[in-house]
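Structure data (TSV, C-alpha atoms and all ligand atoms) from my_file05.tsv:
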```
chain	number	residue	atom	x	y	z
A	1	MET	CA	0.00	0.00	0.00
A	2	ARG	CA	1.32	3.47	-0.93
A	3	LEU	CA	0.74	6.86	0.65
A	4	SER	CA	-0.62	8.23	-2.61
A	5	SER	CA	-3.41	5.66	-2.44
A	6	CYS	CA	-4.56	6.95	0.98
A	7	HIS	CA	-7.57	9.20	0.50
A	8	ASN	CA	-9.23	9.08	3.89
A	9	PHE	CA	-8.93	8.00	7.53
A	10	HIS	CA	-9.70	4.36	6.73
A	11	ASP	CA	-6.97	4.15	4.10
A	12	PHE	CA	-4.38	5.53	6.54
A	13	ARG	CA	-5.60	3.15	9.23
A	14	ARG	CA	-5.18	0.18	6.87
A	15	MET	CA	-1.70	1.32	5.88
A	16	ALA	CA	-0.69	1.81	9.53
A	17	LYS	CA	-2.00	-1.66	10.34
A	18	SER	CA	0.14	-3.19	7.61
A	19	ARG	CA	3.29	-1.51	9.03
A	20	LEU	CA	2.88	-1.73	12.80
A	21	PRO	CA	3.33	-4.73	15.06
A	22	GLY	CA	-0.17	-5.76	16.20
A	23	PRO	CA	0.22	-4.68	19.87
A	24	ILE	CA	1.21	-1.13	18.84
A	25	PHE	CA	-1.59	-0.86	16.29
A	26	ASP	CA	-4.06	-2.01	18.94
A	27	TYR	CA	-2.70	0.49	21.46
A	28	ILE	CA	-3.56	3.31	19.03
A	29	ASP	CA	-6.75	1.84	17.67
A	30	GLY	CA	-8.26	0.52	20.89
A	31	GLY	CA	-10.66	1.96	23.44
A	32	ALA	CA	-11.91	1.06	26.92
A	33	ASP	CA	-14.19	-1.87	27.87
A	34	ASP	CA	-16.54	-2.68	24.98
A	35	GLU	CA	-15.37	0.35	22.94
A	36	ASP	CA	-18.96	1.67	22.71
A	37	THR	CA	-17.93	5.28	23.31
A	38	TYR	CA	-15.06	4.95	20.85
A	39	ARG	CA	-17.45	3.86	18.08
A	40	ARG	CA	-20.11	6.44	19.01
A	41	ASN	CA	-17.60	9.29	18.81
A	42	THR	CA	-17.75	9.04	15.03
A	43	THR	CA	-21.33	7.82	14.52
A	44	ALA	CA	-22.62	10.77	16.63
A	45	PHE	CA	-21.97	12.99	13.62
A	46	ASP	CA	-24.39	10.89	11.52
A	47	ALA	CA	-27.37	12.10	13.55
A	48	CYS	CA	-26.69	15.64	12.37
A	49	ASP	CA	-27.47	16.81	8.83
A	50	LEU	CA	-26.01	19.84	7.10
A	51	ILE	CA	-28.41	22.22	5.29
A	52	PRO	CA	-26.41	24.13	2.68
A	53	ASN	CA	-27.11	27.64	1.41
A	54	VAL	CA	-26.36	28.51	-2.22
A	55	LEU	CA	-25.36	31.56	-4.27
A	56	ARG	CA	-23.40	33.14	-1.41
A	57	GLY	CA	-20.19	34.17	-3.14
A	58	VAL	CA	-17.70	31.59	-1.95
A	59	GLY	CA	-14.76	32.40	-4.22
A	60	ASN	CA	-12.40	33.02	-1.31
A	61	ILE	CA	-12.55	30.75	1.68
A	62	ASP	CA	-11.05	31.75	5.03
A	63	MET	CA	-10.97	28.80	7.41
A	64	SER	CA	-8.74	30.42	10.03
A	65	VAL	CA	-9.85	30.57	13.67
A	66	THR	CA	-8.50	32.12	16.84
A	67	VAL	CA	-8.59	29.90	19.87
A	68	MET	CA	-7.13	30.59	23.29
A	69	GLY	CA	-5.39	33.59	21.76
A	70	GLN	CA	-3.73	31.51	19.02
A	71	LYS	CA	-4.44	32.17	15.36
A	72	LEU	CA	-4.75	28.85	13.49
A	73	ALA	CA	-4.77	28.72	9.69
A	74	MET	CA	-7.19	25.80	9.87
A	75	PRO	CA	-9.77	24.95	12.53
A	76	VAL	CA	-8.23	21.60	13.52
A	77	TYR	CA	-5.10	20.87	15.56
A	78	CYS	CA	-3.10	17.79	16.52
A	79	SER	CA	-4.18	16.79	20.00
A	80	PRO	CA	-1.41	15.60	22.34
A	81	THR	CA	-0.83	11.85	22.31
A	82	ALA	CA	1.66	9.63	24.10
A	83	LEU	CA	4.56	7.51	22.82
A	84	GLN	CA	4.70	8.75	19.22
A	85	ARG	CA	8.21	7.41	18.50
A	86	LEU	CA	6.82	3.90	18.92
A	87	PHE	CA	4.49	4.58	15.99
A	88	HIS	CA	7.17	6.07	13.73
A	89	HIS	CA	10.82	6.68	14.59
A	90	ARG	CA	10.46	10.46	14.08
A	91	GLY	CA	7.39	10.64	16.32
A	92	GLU	CA	6.62	14.11	17.71
A	93	ARG	CA	9.29	15.63	15.44
A	94	ALA	CA	7.22	14.66	12.41
A	95	VAL	CA	3.96	15.94	13.93
A	96	ALA	CA	5.47	19.24	15.13
A	97	ALA	CA	6.98	19.96	11.73
A	98	ALA	CA	3.81	19.01	9.82
A	99	ALA	CA	1.53	21.09	12.09
A	100	GLY	CA	3.90	24.06	11.69
A	101	LYS	CA	3.74	23.78	7.90
A	102	PHE	CA	-0.05	23.90	8.02
A	103	GLY	CA	-0.09	26.83	10.44
A	104	THR	CA	-1.82	24.93	13.17
A	105	MET	CA	-1.32	23.96	16.78
A	106	PHE	CA	-0.05	20.66	18.15
A	107	GLY	CA	0.40	19.23	21.60
A	108	VAL	CA	3.28	17.45	23.26
A	109	SER	CA	2.18	14.93	25.86
A	110	SER	CA	3.74	14.44	29.29
A	111	LEU	CA	4.26	10.93	27.95
A	112	GLY	CA	5.79	12.30	24.74
A	113	THR	CA	8.97	10.73	23.37
A	114	VAL	CA	10.59	13.98	22.15
A	115	SER	CA	11.25	16.91	24.47
A	116	LEU	CA	8.86	19.85	24.37
A	117	GLU	CA	11.91	22.10	23.79
A	118	GLU	CA	12.96	20.21	20.67
A	119	ALA	CA	9.38	20.12	19.34
A	120	ARG	CA	9.24	23.89	19.90
A	121	ARG	CA	12.27	24.38	17.69
A	122	LEU	CA	10.75	22.29	14.90
A	123	SER	CA	7.44	24.07	14.52
A	124	GLY	CA	6.46	27.66	13.89
A	125	GLY	CA	2.90	26.90	15.04
A	126	PRO	CA	1.53	27.37	18.55
A	127	GLN	CA	2.35	24.56	20.96
A	128	VAL	CA	0.37	23.01	23.78
A	129	TYR	CA	1.95	21.19	26.68
A	130	GLN	CA	-0.33	18.48	27.99
A	131	PHE	CA	0.35	17.52	31.55
A	132	TYR	CA	-1.05	15.55	34.46
A	133	PHE	CA	-1.37	16.65	38.07
A	134	HIS	CA	1.26	15.07	40.31
A	135	LYS	CA	1.11	14.45	44.04
A	136	ASP	CA	4.38	16.36	44.29
A	137	ARG	CA	3.33	20.00	43.97
A	138	GLY	CA	6.97	21.03	43.48
A	139	LEU	CA	7.10	18.79	40.41
A	140	ASN	CA	3.97	20.45	39.00
A	141	ARG	CA	5.56	23.86	39.50
A	142	ALA	CA	8.84	22.73	37.95
A	143	MET	CA	7.04	21.39	34.87
A	144	MET	CA	5.18	24.65	34.37
A	145	ALA	CA	8.38	26.65	34.76
A	146	ARG	CA	10.06	24.43	32.16
A	147	ALA	CA	7.15	24.89	29.74
A	148	LYS	CA	7.27	28.66	30.23
A	149	GLU	CA	10.99	28.72	29.60
A	150	ALA	CA	10.49	26.71	26.37
A	151	GLY	CA	7.97	29.25	25.04
A	152	ILE	CA	4.87	27.04	25.26
A	153	GLN	CA	1.75	29.09	24.51
A	154	VAL	CA	-0.97	26.92	26.04
A	155	MET	CA	-1.00	24.68	29.12
A	156	MET	CA	-3.45	21.79	28.88
A	157	LEU	CA	-4.26	19.82	32.00
A	158	THR	CA	-5.86	16.46	31.25
A	159	VAL	CA	-8.52	15.77	33.86
A	160	ASP	CA	-10.22	12.62	32.56
A	161	SER	CA	-7.37	10.25	33.42
A	162	ILE	CA	-7.45	10.22	37.19
A	163	THR	CA	-7.02	6.48	36.72
A	164	GLY	CA	-6.23	4.44	33.60
A	165	GLY	CA	-9.07	3.16	31.36
A	166	ASN	CA	-9.66	-0.58	30.96
A	167	ARG	CA	-8.02	-1.26	27.61
A	168	GLU	CA	-8.58	-4.95	27.06
A	169	ARG	CA	-6.74	-5.10	23.74
A	170	ASP	CA	-3.56	-4.05	25.58
A	171	LYS	CA	-4.16	-6.71	28.22
A	172	ARG	CA	-4.39	-9.39	25.57
A	173	THR	CA	-1.16	-8.37	23.83
A	174	GLY	CA	0.74	-7.36	26.97
A	175	PHE	CA	1.31	-3.83	25.65
A	176	SER	CA	2.78	-1.65	28.39
A	177	ILE	CA	5.83	0.53	28.95
A	178	PRO	CA	8.20	-1.15	29.49
A	179	PHE	CA	6.98	-3.92	27.19
A	180	ARG	CA	5.61	-7.00	28.92
A	181	LEU	CA	4.46	-8.80	25.83
A	182	THR	CA	2.52	-12.01	25.87
A	183	LEU	CA	3.81	-14.79	23.63
A	184	GLY	CA	1.13	-13.87	21.07
A	185	GLY	CA	2.19	-10.21	21.28
A	186	MET	CA	5.86	-11.15	20.73
A	187	MET	CA	4.99	-13.18	17.67
A	188	GLN	CA	3.20	-10.18	16.20
A	189	PHE	CA	6.40	-8.14	16.60
A	190	ALA	CA	8.32	-10.86	14.80
A	191	LEU	CA	5.96	-10.46	11.84
A	192	LYS	CA	6.98	-6.82	11.35
A	193	PRO	CA	10.82	-6.89	11.05
A	194	THR	CA	10.97	-3.53	9.22
A	195	TRP	CA	9.40	-1.78	12.20
A	196	ALA	CA	11.78	-3.62	14.54
A	197	ILE	CA	14.87	-2.64	12.50
A	198	ASN	CA	13.76	0.98	12.39
A	199	TYR	CA	13.09	1.02	16.10
A	200	ALA	CA	16.40	-0.63	16.94
A	201	THR	CA	18.52	1.59	14.69
A	202	HIS	CA	17.28	4.92	16.05
A	203	GLU	CA	17.89	6.56	19.41
A	204	SER	CA	16.65	4.62	22.40
A	205	PHE	CA	13.17	5.08	23.79
A	206	LYS	CA	12.86	7.98	26.25
A	207	LEU	CA	10.16	10.03	27.94
A	208	PRO	CA	12.00	13.39	28.10
A	209	GLN	CA	9.18	15.28	29.82
A	210	LEU	CA	9.43	12.95	32.81
A	211	ASP	CA	13.05	11.76	32.74
A	212	GLY	CA	14.40	14.60	34.85
A	213	HIS	CA	11.72	14.12	37.49
A	214	VAL	CA	10.78	10.48	37.54
A	215	ASP	CA	13.02	7.44	37.39
A	216	MET	CA	11.52	5.61	34.42
A	217	GLY	CA	14.90	4.20	33.42
A	218	GLY	CA	15.61	0.50	33.26
A	219	GLY	CA	11.96	-0.30	33.77
A	220	ALA	CA	12.12	1.13	37.32
A	221	LEU	CA	8.71	2.73	36.90
A	222	SER	CA	6.15	1.58	34.39
A	223	ILE	CA	3.63	3.97	32.91
A	224	SER	CA	0.83	2.29	34.82
A	225	ARG	CA	2.79	2.74	38.08
A	226	TYR	CA	3.44	6.36	37.06
A	227	PHE	CA	-0.33	6.85	36.95
A	228	THR	CA	-1.05	5.08	40.22
A	229	GLU	CA	1.96	6.26	42.25
A	230	MET	CA	2.83	9.73	40.97
A	231	LEU	CA	-0.47	11.26	39.94
A	232	ASP	CA	-2.81	12.69	42.53
A	233	PRO	CA	-6.35	11.29	42.56
A	234	SER	CA	-7.31	13.83	45.24
A	235	MET	CA	-6.68	16.72	42.80
A	236	SER	CA	-9.40	19.34	43.39
A	237	TRP	CA	-10.66	22.55	41.81
A	238	ASP	CA	-8.70	24.58	44.39
A	239	ASP	CA	-5.46	22.84	43.37
A	240	VAL	CA	-6.08	23.58	39.71
A	241	ALA	CA	-7.10	27.18	40.45
A	242	ALA	CA	-3.67	27.67	42.06
A	243	MET	CA	-1.98	26.29	38.92
A	244	VAL	CA	-4.00	28.53	36.65
A	245	ARG	CA	-2.91	31.54	38.71
A	246	GLU	CA	0.70	30.44	38.72
A	247	TRP	CA	0.78	29.91	34.94
A	248	GLY	CA	-0.77	33.31	34.31
A	249	GLY	CA	-1.53	32.64	30.61
A	250	GLN	CA	-3.64	30.43	28.36
A	251	PHE	CA	-4.72	27.41	30.39
A	252	CYS	CA	-7.27	24.77	29.41
A	253	LEU	CA	-8.76	21.62	30.88
A	254	LYS	CA	-9.00	18.58	28.63
A	255	GLY	CA	-11.75	16.10	29.39
A	256	VAL	CA	-14.49	18.36	30.79
A	257	MET	CA	-17.96	17.03	29.90
A	258	SER	CA	-20.53	18.43	32.35
A	259	VAL	CA	-22.04	21.91	32.50
A	260	GLU	CA	-21.16	22.17	36.21
A	261	ASP	CA	-17.49	21.50	35.47
A	262	ALA	CA	-17.47	23.88	32.51
A	263	LYS	CA	-18.77	26.65	34.80
A	264	ARG	CA	-16.13	25.84	37.43
A	265	ALA	CA	-13.46	26.06	34.74
A	266	VAL	CA	-14.65	29.57	33.91
A	267	GLU	CA	-14.70	30.54	37.59
A	268	ILE	CA	-11.10	29.48	38.21
A	269	GLY	CA	-9.88	31.48	35.22
A	270	CYS	CA	-9.32	28.83	32.54
A	271	THR	CA	-9.36	30.23	29.01
A	272	GLY	CA	-10.43	27.00	27.29
A	273	ILE	CA	-12.08	23.65	27.86
A	274	ILE	CA	-11.80	20.61	25.66
A	275	LEU	CA	-14.85	18.38	25.61
A	276	SER	CA	-13.33	14.96	25.23
A	277	ASN	CA	-13.71	11.35	26.33
A	278	HIS	CA	-10.03	10.70	25.49
A	279	GLY	CA	-10.94	9.02	22.22
A	280	GLY	CA	-13.12	6.45	24.04
A	281	ARG	CA	-10.08	5.21	25.97
A	282	GLN	CA	-11.19	6.07	29.49
A	283	LEU	CA	-14.85	5.84	30.63
A	284	ASP	CA	-16.74	3.60	28.24
A	285	GLY	CA	-20.42	4.52	28.06
A	286	SER	CA	-19.66	8.21	28.49
A	287	ARG	CA	-21.34	10.67	26.15
A	288	THR	CA	-19.63	11.86	23.02
A	289	ALA	CA	-18.17	15.36	22.95
A	290	PHE	CA	-20.22	16.21	19.86
A	291	ASP	CA	-23.52	15.20	21.51
A	292	GLN	CA	-22.64	17.23	24.61
A	293	LEU	CA	-21.33	20.27	22.76
A	294	ALA	CA	-24.52	22.39	22.40
A	295	GLU	CA	-25.31	22.16	26.12
A	296	ILE	CA	-21.85	23.37	27.08
A	297	VAL	CA	-21.64	26.09	24.43
A	298	ASP	CA	-25.02	27.44	25.59
A	299	ALA	CA	-23.87	27.48	29.22
A	300	VAL	CA	-20.38	28.98	28.92
A	301	GLY	CA	-19.58	29.62	25.25
A	302	ASP	CA	-19.61	33.40	25.70
A	303	ARG	CA	-17.03	33.23	28.54
A	304	ILE	CA	-14.53	30.55	27.53
A	305	ASP	CA	-13.29	28.90	24.34
A	306	VAL	CA	-15.09	25.58	23.93
A	307	ILE	CA	-13.17	23.01	21.90
A	308	MET	CA	-13.98	19.35	21.24
A	309	ASP	CA	-12.25	16.17	20.12
A	310	GLY	CA	-13.14	12.54	19.46
A	311	GLY	CA	-14.01	10.56	16.36
A	312	VAL	CA	-13.26	13.31	13.85
A	313	GLN	CA	-12.43	11.78	10.47
A	314	ARG	CA	-13.93	14.18	7.91
A	315	GLY	CA	-14.14	17.86	7.03
A	316	THR	CA	-17.91	17.65	7.47
A	317	HIS	CA	-17.43	16.45	11.07
A	318	VAL	CA	-15.38	19.58	11.72
A	319	LEU	CA	-18.00	21.84	10.12
A	320	LYS	CA	-20.76	20.26	12.21
A	321	ALA	CA	-18.81	20.85	15.44
A	322	LEU	CA	-17.98	24.45	14.52
A	323	SER	CA	-21.62	25.08	13.53
A	324	VAL	CA	-22.75	24.00	17.00
A	325	GLY	CA	-20.27	26.45	18.51
A	326	ALA	CA	-16.88	24.79	18.99
A	327	LYS	CA	-13.98	27.21	18.43
A	328	ALA	CA	-11.68	24.46	17.10
A	329	VAL	CA	-11.54	20.68	16.86
A	330	GLY	CA	-8.82	18.29	18.04
A	331	LEU	CA	-7.56	15.35	15.98
A	332	GLY	CA	-6.11	12.16	17.49
A	333	ARG	CA	-6.07	8.96	15.49
A	334	TYR	CA	-6.74	11.02	12.36
A	335	TYR	CA	-3.05	12.04	12.37
A	336	LEU	CA	-1.63	9.08	14.32
A	337	PHE	CA	-2.41	6.48	11.67
A	338	PRO	CA	-0.77	8.62	8.93
A	339	LEU	CA	2.23	9.13	11.25
A	340	ALA	CA	2.55	5.37	11.66
A	341	ALA	CA	2.00	4.82	7.93
A	342	ALA	CA	4.53	7.32	6.58
A	343	GLY	CA	5.97	9.72	9.20
A	344	GLN	CA	5.90	13.46	8.49
A	345	GLU	CA	4.82	12.91	4.89
A	346	GLY	CA	1.84	10.92	6.12
A	347	VAL	CA	0.78	13.59	8.63
A	348	GLU	CA	1.17	16.26	5.96
A	349	ARG	CA	-0.96	14.32	3.50
A	350	ALA	CA	-3.66	13.82	6.15
A	351	LEU	CA	-3.68	17.54	7.04
A	352	GLU	CA	-3.73	18.46	3.35
A	353	LEU	CA	-6.72	16.18	2.73
A	354	MET	CA	-8.48	17.68	5.76
A	355	ARG	CA	-7.77	21.23	4.57
A	356	THR	CA	-9.07	20.41	1.09
A	357	GLU	CA	-12.20	18.78	2.50
A	358	ILE	CA	-12.97	21.71	4.81
A	359	GLU	CA	-12.48	24.19	1.98
A	360	ARG	CA	-14.67	22.21	-0.42
A	361	ASP	CA	-17.35	21.62	2.23
A	362	MET	CA	-17.42	25.30	3.23
A	363	ARG	CA	-18.00	26.21	-0.43
A	364	LEU	CA	-20.76	23.63	-0.72
A	365	MET	CA	-22.33	24.98	2.50
A	366	GLY	CA	-22.25	28.53	1.16
A	367	CYS	CA	-19.90	29.76	3.91
A	368	ALA	CA	-16.84	31.87	3.09
A	369	SER	CA	-15.61	32.08	6.68
A	370	ILE	CA	-16.06	30.07	9.86
A	371	ASP	CA	-18.27	32.72	11.51
A	372	GLN	CA	-20.89	32.07	8.82
A	373	LEU	CA	-21.42	28.55	10.14
A	374	SER	CA	-24.29	28.29	12.62
A	375	ARG	CA	-26.92	25.96	14.03
A	376	GLN	CA	-29.38	27.36	11.48
A	377	ASN	CA	-27.70	25.11	8.94
A	378	LEU	CA	-28.01	21.93	11.01
A	379	ARG	CA	-30.88	19.52	11.65
A	380	PHE	CA	-30.72	16.61	14.08
A	381	SER	CA	-32.52	13.37	13.32
B	401	LIG	C1	-2.59	6.45	21.09
B	401	LIG	C2	-3.19	7.60	21.85
B	401	LIG	C3	-2.48	8.20	22.86
B	401	LIG	C4	-3.03	9.29	23.57
B	401	LIG	N1	-2.28	9.90	24.54
B	401	LIG	C5	-2.79	10.98	25.20
B	401	LIG	C6	-2.03	11.65	26.20
B	401	LIG	O1	-0.88	11.30	26.47
B	401	LIG	N2	-2.60	12.71	26.83
B	401	LIG	C7	-3.88	13.12	26.54
B	401	LIG	O2	-4.36	14.07	27.16
B	401	LIG	N3	-4.61	12.52	25.59
B	401	LIG	C8	-4.11	11.46	24.92
B	401	LIG	N4	-4.86	10.85	23.94
B	401	LIG	C9	-6.20	11.39	23.60
B	401	LIG	C10	-6.11	12.39	22.44
B	401	LIG	O3	-5.44	13.57	22.84
B	401	LIG	C11	-7.50	12.79	21.96
B	401	LIG	O4	-8.29	13.26	23.03
B	401	LIG	C12	-8.24	11.61	21.28
B	401	LIG	O5	-7.34	10.81	20.55
B	401	LIG	C13	-9.33	12.13	20.35
B	401	LIG	O6	-10.03	11.07	19.77
B	401	LIG	P1	-9.73	10.52	18.28
B	401	LIG	O7	-8.50	9.69	18.37
B	401	LIG	O8	-10.95	9.71	17.99
B	401	LIG	O9	-9.59	11.73	17.39
B	401	LIG	C14	-4.33	9.75	23.24
B	401	LIG	C15	-5.05	9.13	22.20
B	401	LIG	C16	-4.50	8.07	21.51
B	401	LIG	C17	-5.29	7.44	20.38
```
In structure tokens, what does this structure look like?
Ligand SMILES: Cc1cc2nc3c(=O)[nH]c(=O)nc-3n(C[C@H](O)[C@H](O)[C@H](O)COP(=O)(O)O)c2cc1C
Amino acid sequence: MRLSSCHNFHDFRRMAKSRLPGPIFDYIDGGADDEDTYRRNTTAFDACDLIPNVLRGVGNIDMSVTVMGQKLAMPVYCSPTALQRLFHHRGERAVAAAAGKFGTMFGVSSLGTVSLEEARRLSGGPQVYQFYFHKDRGLNRAMMARAKEAGIQVMMLTVDSITGGNRERDKRTGFSIPFRLTLGGMMQFALKPTWAINYATHESFKLPQLDGHVDMGGGALSISRYFTEMLDPSMSWDDVAAMVREWGGQFCLKGVMSVEDAKRAVEIGCTGIILSNHGGRQLDGSRTAFDQLAEIVDAVGDRIDVIMDGGVQRGTHVLKALSVGAKAVGLGRYYLFPLAAAGQEGVERALELMRTEIERDMRLMGCASIDQLSRQNLRFS
């Protein structure tokens, strides 16, 4: 399969599957429990129909948006995801460079495999640092200071991962960091020698956001122990309010879903919230961000930037979310499969296809700029 024959999400997913060892593909592709929420994230868009207007003068299309003070040339950004150098040896480097080329934002995860400083040097676009709340308050402060020093524009605290989701595909293959593969999982690695050669001939696996603070070396601390031992399940709104004050800039919460929480986020001074169920990887059975979007926009949309992610595979999905009132839309697997399939070139092709789709769909909707999209052009079945 070649990159030039990838025309949509499903093509990239197939190509990634043909390149990756099964346990790594399943880590990206999988969700929690029965994966109901994961599937619904995309099918939720089907219950919403677009009603186009015609003869509106759509010669020039402007799809730029401003979100949390950042001007984005397109209304989608690459949401932070963990472990990208396992998917392709260039990992976050490829994503940072591709996002920069397309004038959009990208996030580096706390569990990222390239340092946020290096990613910053590789991209001219705005950069998010996604982090978790640690028991050690000094560590939280040190991480924020480091992000400030590196010139990060937006802090993003993920609040839906107070404990790990039940990912049964990973249990079956033994996927974990460090690897604890089952025999079946090991055999699947043996079937993909090209991946293994690539992995072995590039720099060794690291988690540079955590290395200075947490002893992950030599398998001393696994990622699951990092979650249970280092992160603070007693984290409260007061704790986060103190962080927001300390950061003193753009600060958003990722994984807010209820109106009550959205209002609290406004009260403590956040400038954005991301409606998200973590790509269906945490609480299975939870509502989709798209279904919950109108309620949240109506409650707080005039006081905070409301963003959503989950299940986005098409330009029309993006237009539906923006029409309901989202300020921008996050992409996860939409860029991860292309990364795994073909590195930076893959991510660039995926962003190019998305840009082309959004532009074409805006024309067909009769909208020359994003502010012309509204709920008047939607019907829900
Ligand atoms: C493989 C993978 C790793 C992820 N790692 C993180 C992470 O480290 N931090 C985080 O806040 N979200 C993480 N996410 C969630 C994404 O940021 C995003 O919310 C989600 O992927 C959106 O759903 P989608 O994949 O259907 O687009 C991860 C998602 C995937 C698929």
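If you look at atom CA of A:Ser79 and atom CA of A:Gly164, they are 18.5 Å away from each other.
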Selection as an NGL selection string: residues within 6 Å of ligand LIG 401 (chain B) by only C-alpha atoms and all ligand atoms: :A and (27-28 or 79-82 or 109 or 111 or 158 or 276 or 278-279 or 309-312 or 331-334)
Nearest-residue call for A:Pro338, choices A:Leu83, A:Ala299, A:Cys6, A:Met362, using all atoms listed in the file: A:Cys6
A:Gly57 surroundings by all atoms listed in the file, 9 Å radius, close-in-sequence under 5 positions cut, as a PyMOL selection string: chain A and resi 363+366-368
Using all atoms listed in the file, can you list as an mmCIF file with C-alpha atoms, in the coordinates of the input the residues within 10 Å of (-2.8, -0.6, 5.9)?
```
data_model
loop_
_atom_site.group_PDB
_atom_site.id
_atom_site.type_symbol
_atom_site.label_atom_id
_atom_site.label_comp_id
_atom_site.auth_asym_id
_atom_site.auth_seq_id
_atom_site.Cartn_x
_atom_site.Cartn_y
_atom_site.Cartn_z
ATOM 1 C CA MET A 1 0.000 0.000 0.000
ATOM 2 C CA ARG A 2 1.320 3.470 -0.930
ATOM 3 C CA LEU A 3 0.740 6.860 0.650
ATOM 4 C CA CYS A 6 -4.560 6.950 0.980
ATOM 5 C CA HIS A 10 -9.700 4.360 6.730
ATOM 6 C CA ASP A 11 -6.970 4.150 4.100
ATOM 7 C CA PHE A 12 -4.380 5.530 6.540
ATOM 8 C CA ARG A 13 -5.600 3.150 9.230
ATOM 9 C CA ARG A 14 -5.180 0.180 6.870
ATOM 10 C CA MET A 15 -1.700 1.320 5.880
ATOM 11 C CA ALA A 16 -0.690 1.810 9.530
ATOM 12 C CA LYS A 17 -2.000 -1.660 10.340
ATOM 13 C CA SER A 18 0.140 -3.190 7.610
ATOM 14 C CA ARG A 19 3.290 -1.510 9.030
ATOM 15 C CA LEU A 20 2.880 -1.730 12.800
ATOM 16 C CA PHE A 337 -2.410 6.480 11.670
ATOM 17 C CA PRO A 338 -0.770 8.620 8.930
ATOM 18 C CA ALA A 340 2.550 5.370 11.660
ATOM 19 C CA ALA A 341 2.000 4.820 7.930
#
```
Shortest interatomic distance to A:Asn277 - which of A:Val159, A:Val318, A:Met68, A:Ala96, counting all atoms listed in the file: A:Val159
Contacts of A:His89 at 8 Å (all atoms listed in the file; same-chain gap of 4+ positions) as a PyMOL selection string: chain A and resi 84-85+198-199+202+343
Surrounding residues of A:Gln130 excluding itself and chain neighbours under 5 positions, 6 Å, all atoms listed in the file, as a ChimeraX atom specification: /A:109-110,156-157
Export, as a short mmCIF file (atom, residue, chain, number, x, y, z; two decimals), in the frame of the given file, the selected residues with C-alpha atoms.
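The resulting file, again38.cif, is shown below:
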```cif
data_model
loop_
_atom_site.label_atom_id
_atom_site.label_comp_id
_atom_site.auth_asym_id
_atom_site.auth_seq_id
_atom_site.Cartn_x
_atom_site.Cartn_y
_atom_site.Cartn_z
CA SER A 109 2.18 14.93 25.86
CA SER A 110 3.74 14.44 29.29
CA MET A 156 -3.45 21.79 28.88
CA LEU A 157 -4.26 19.82 32.00
#
```
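Going from atom CA of A:Val347 to atom CA of A:Ser123 covers 13.7 Å.
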Which of A:Asp160, A:Asp46, A:Glu260, A:Glu149 sits closest to A:Glu295 [using all atoms listed in the file]: A:Glu260
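For the atom pair formed by atom CA of A:Arg245 and atom CA of A:Leu293, the distance is 26.8 Å, given to one decimal.
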Selection: 10 Å around A:Asp36, all atoms listed in the file, excl. self and same-chain fewer than 3 positions, as a ChimeraX atom specification: /A:31-33,39-41,280,283-287
Spatial neighbours of A:Arg360, 12 Å, only C-alpha atoms, chain gap at least 2 places, as a ChimeraX atom specification: /A:58-63,314-316,319,353-358,362-368
With all atoms listed in the file counted and 8 Å as the cut-off, give the residues of stretch 245-351 of chain A in contact with stretch 369-378 of chain A, each with its shortest interatomic distance in Å and the pair that gives it, as a Markdown table.
```
| residue | atom | partner | partner_atom | distance |
| --- | --- | --- | --- | --- |
| A:Leu319 | CA | A:Leu373 | CA | 7.5 |
| A:Lys320 | CA | A:Leu378 | CA | 7.5 |
| A:Leu322 | CA | A:Leu373 | CA | 6.9 |
| A:Ser323 | CA | A:Ser374 | CA | 4.3 |
| A:Val324 | CA | A:Arg375 | CA | 5.5 |
| A:Gly325 | CA | A:Ser374 | CA | 7.4 |
```
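Each of A:Glu348, A:Glu35, A:Asp305, A:Asp49 was compared to A:Ala265 using all atoms listed in the file, and A:Asp305 turns out to be the nearest.
Distance annotation: of A:Ile152, A:Val300, A:Val114, A:Ala44, the residue with the minimal separation from A:Lys206 is A:Val114; atom set is only C-alpha atoms.
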A:Gly248, A:Gly346, A:Gly165, A:Pro75 ranked by distance to A:Phe9, top pick (using all atoms listed in the file): A:Gly346
Which residues of stretch 245-274 of chain A come within 12 Å of stretch 234-237 of chain A, and what is each one's closest atom pair and distance in Å (one decimal), counting only C-alpha atoms, sorted by chain and residue number, as JSON lines?
```
{"residue": "A:Leu253", "atom": "CA", "partner": "A:Trp237", "partner_atom": "CA", "distance": 11.1}
{"residue": "A:Glu260", "atom": "CA", "partner": "A:Trp237", "partner_atom": "CA", "distance": 11.9}
{"residue": "A:Asp261", "atom": "CA", "partner": "A:Trp237", "partner_atom": "CA", "distance": 9.4}
{"residue": "A:Ala262", "atom": "CA", "partner": "A:Trp237", "partner_atom": "CA", "distance": 11.6}
{"residue": "A:Lys263", "atom": "CA", "partner": "A:Trp237", "partner_atom": "CA", "distance": 11.5}
{"residue": "A:Arg264", "atom": "CA", "partner": "A:Trp237", "partner_atom": "CA", "distance": 7.7}
{"residue": "A:Ala265", "atom": "CA", "partner": "A:Trp237", "partner_atom": "CA", "distance": 8.4}
{"residue": "A:Val266", "atom": "CA", "partner": "A:Trp237", "partner_atom": "CA", "distance": 11.3}
{"residue": "A:Glu267", "atom": "CA", "partner": "A:Trp237", "partner_atom": "CA", "distance": 9.9}
{"residue": "A:Ile268", "atom": "CA", "partner": "A:Trp237", "partner_atom": "CA", "distance": 7.8}
{"residue": "A:Gly269", "atom": "CA", "partner": "A:Trp237", "partner_atom": "CA", "distance": 11.1}
{"residue": "A:Cys270", "atom": "CA", "partner": "A:Trp237", "partner_atom": "CA", "distance": 11.3}
```
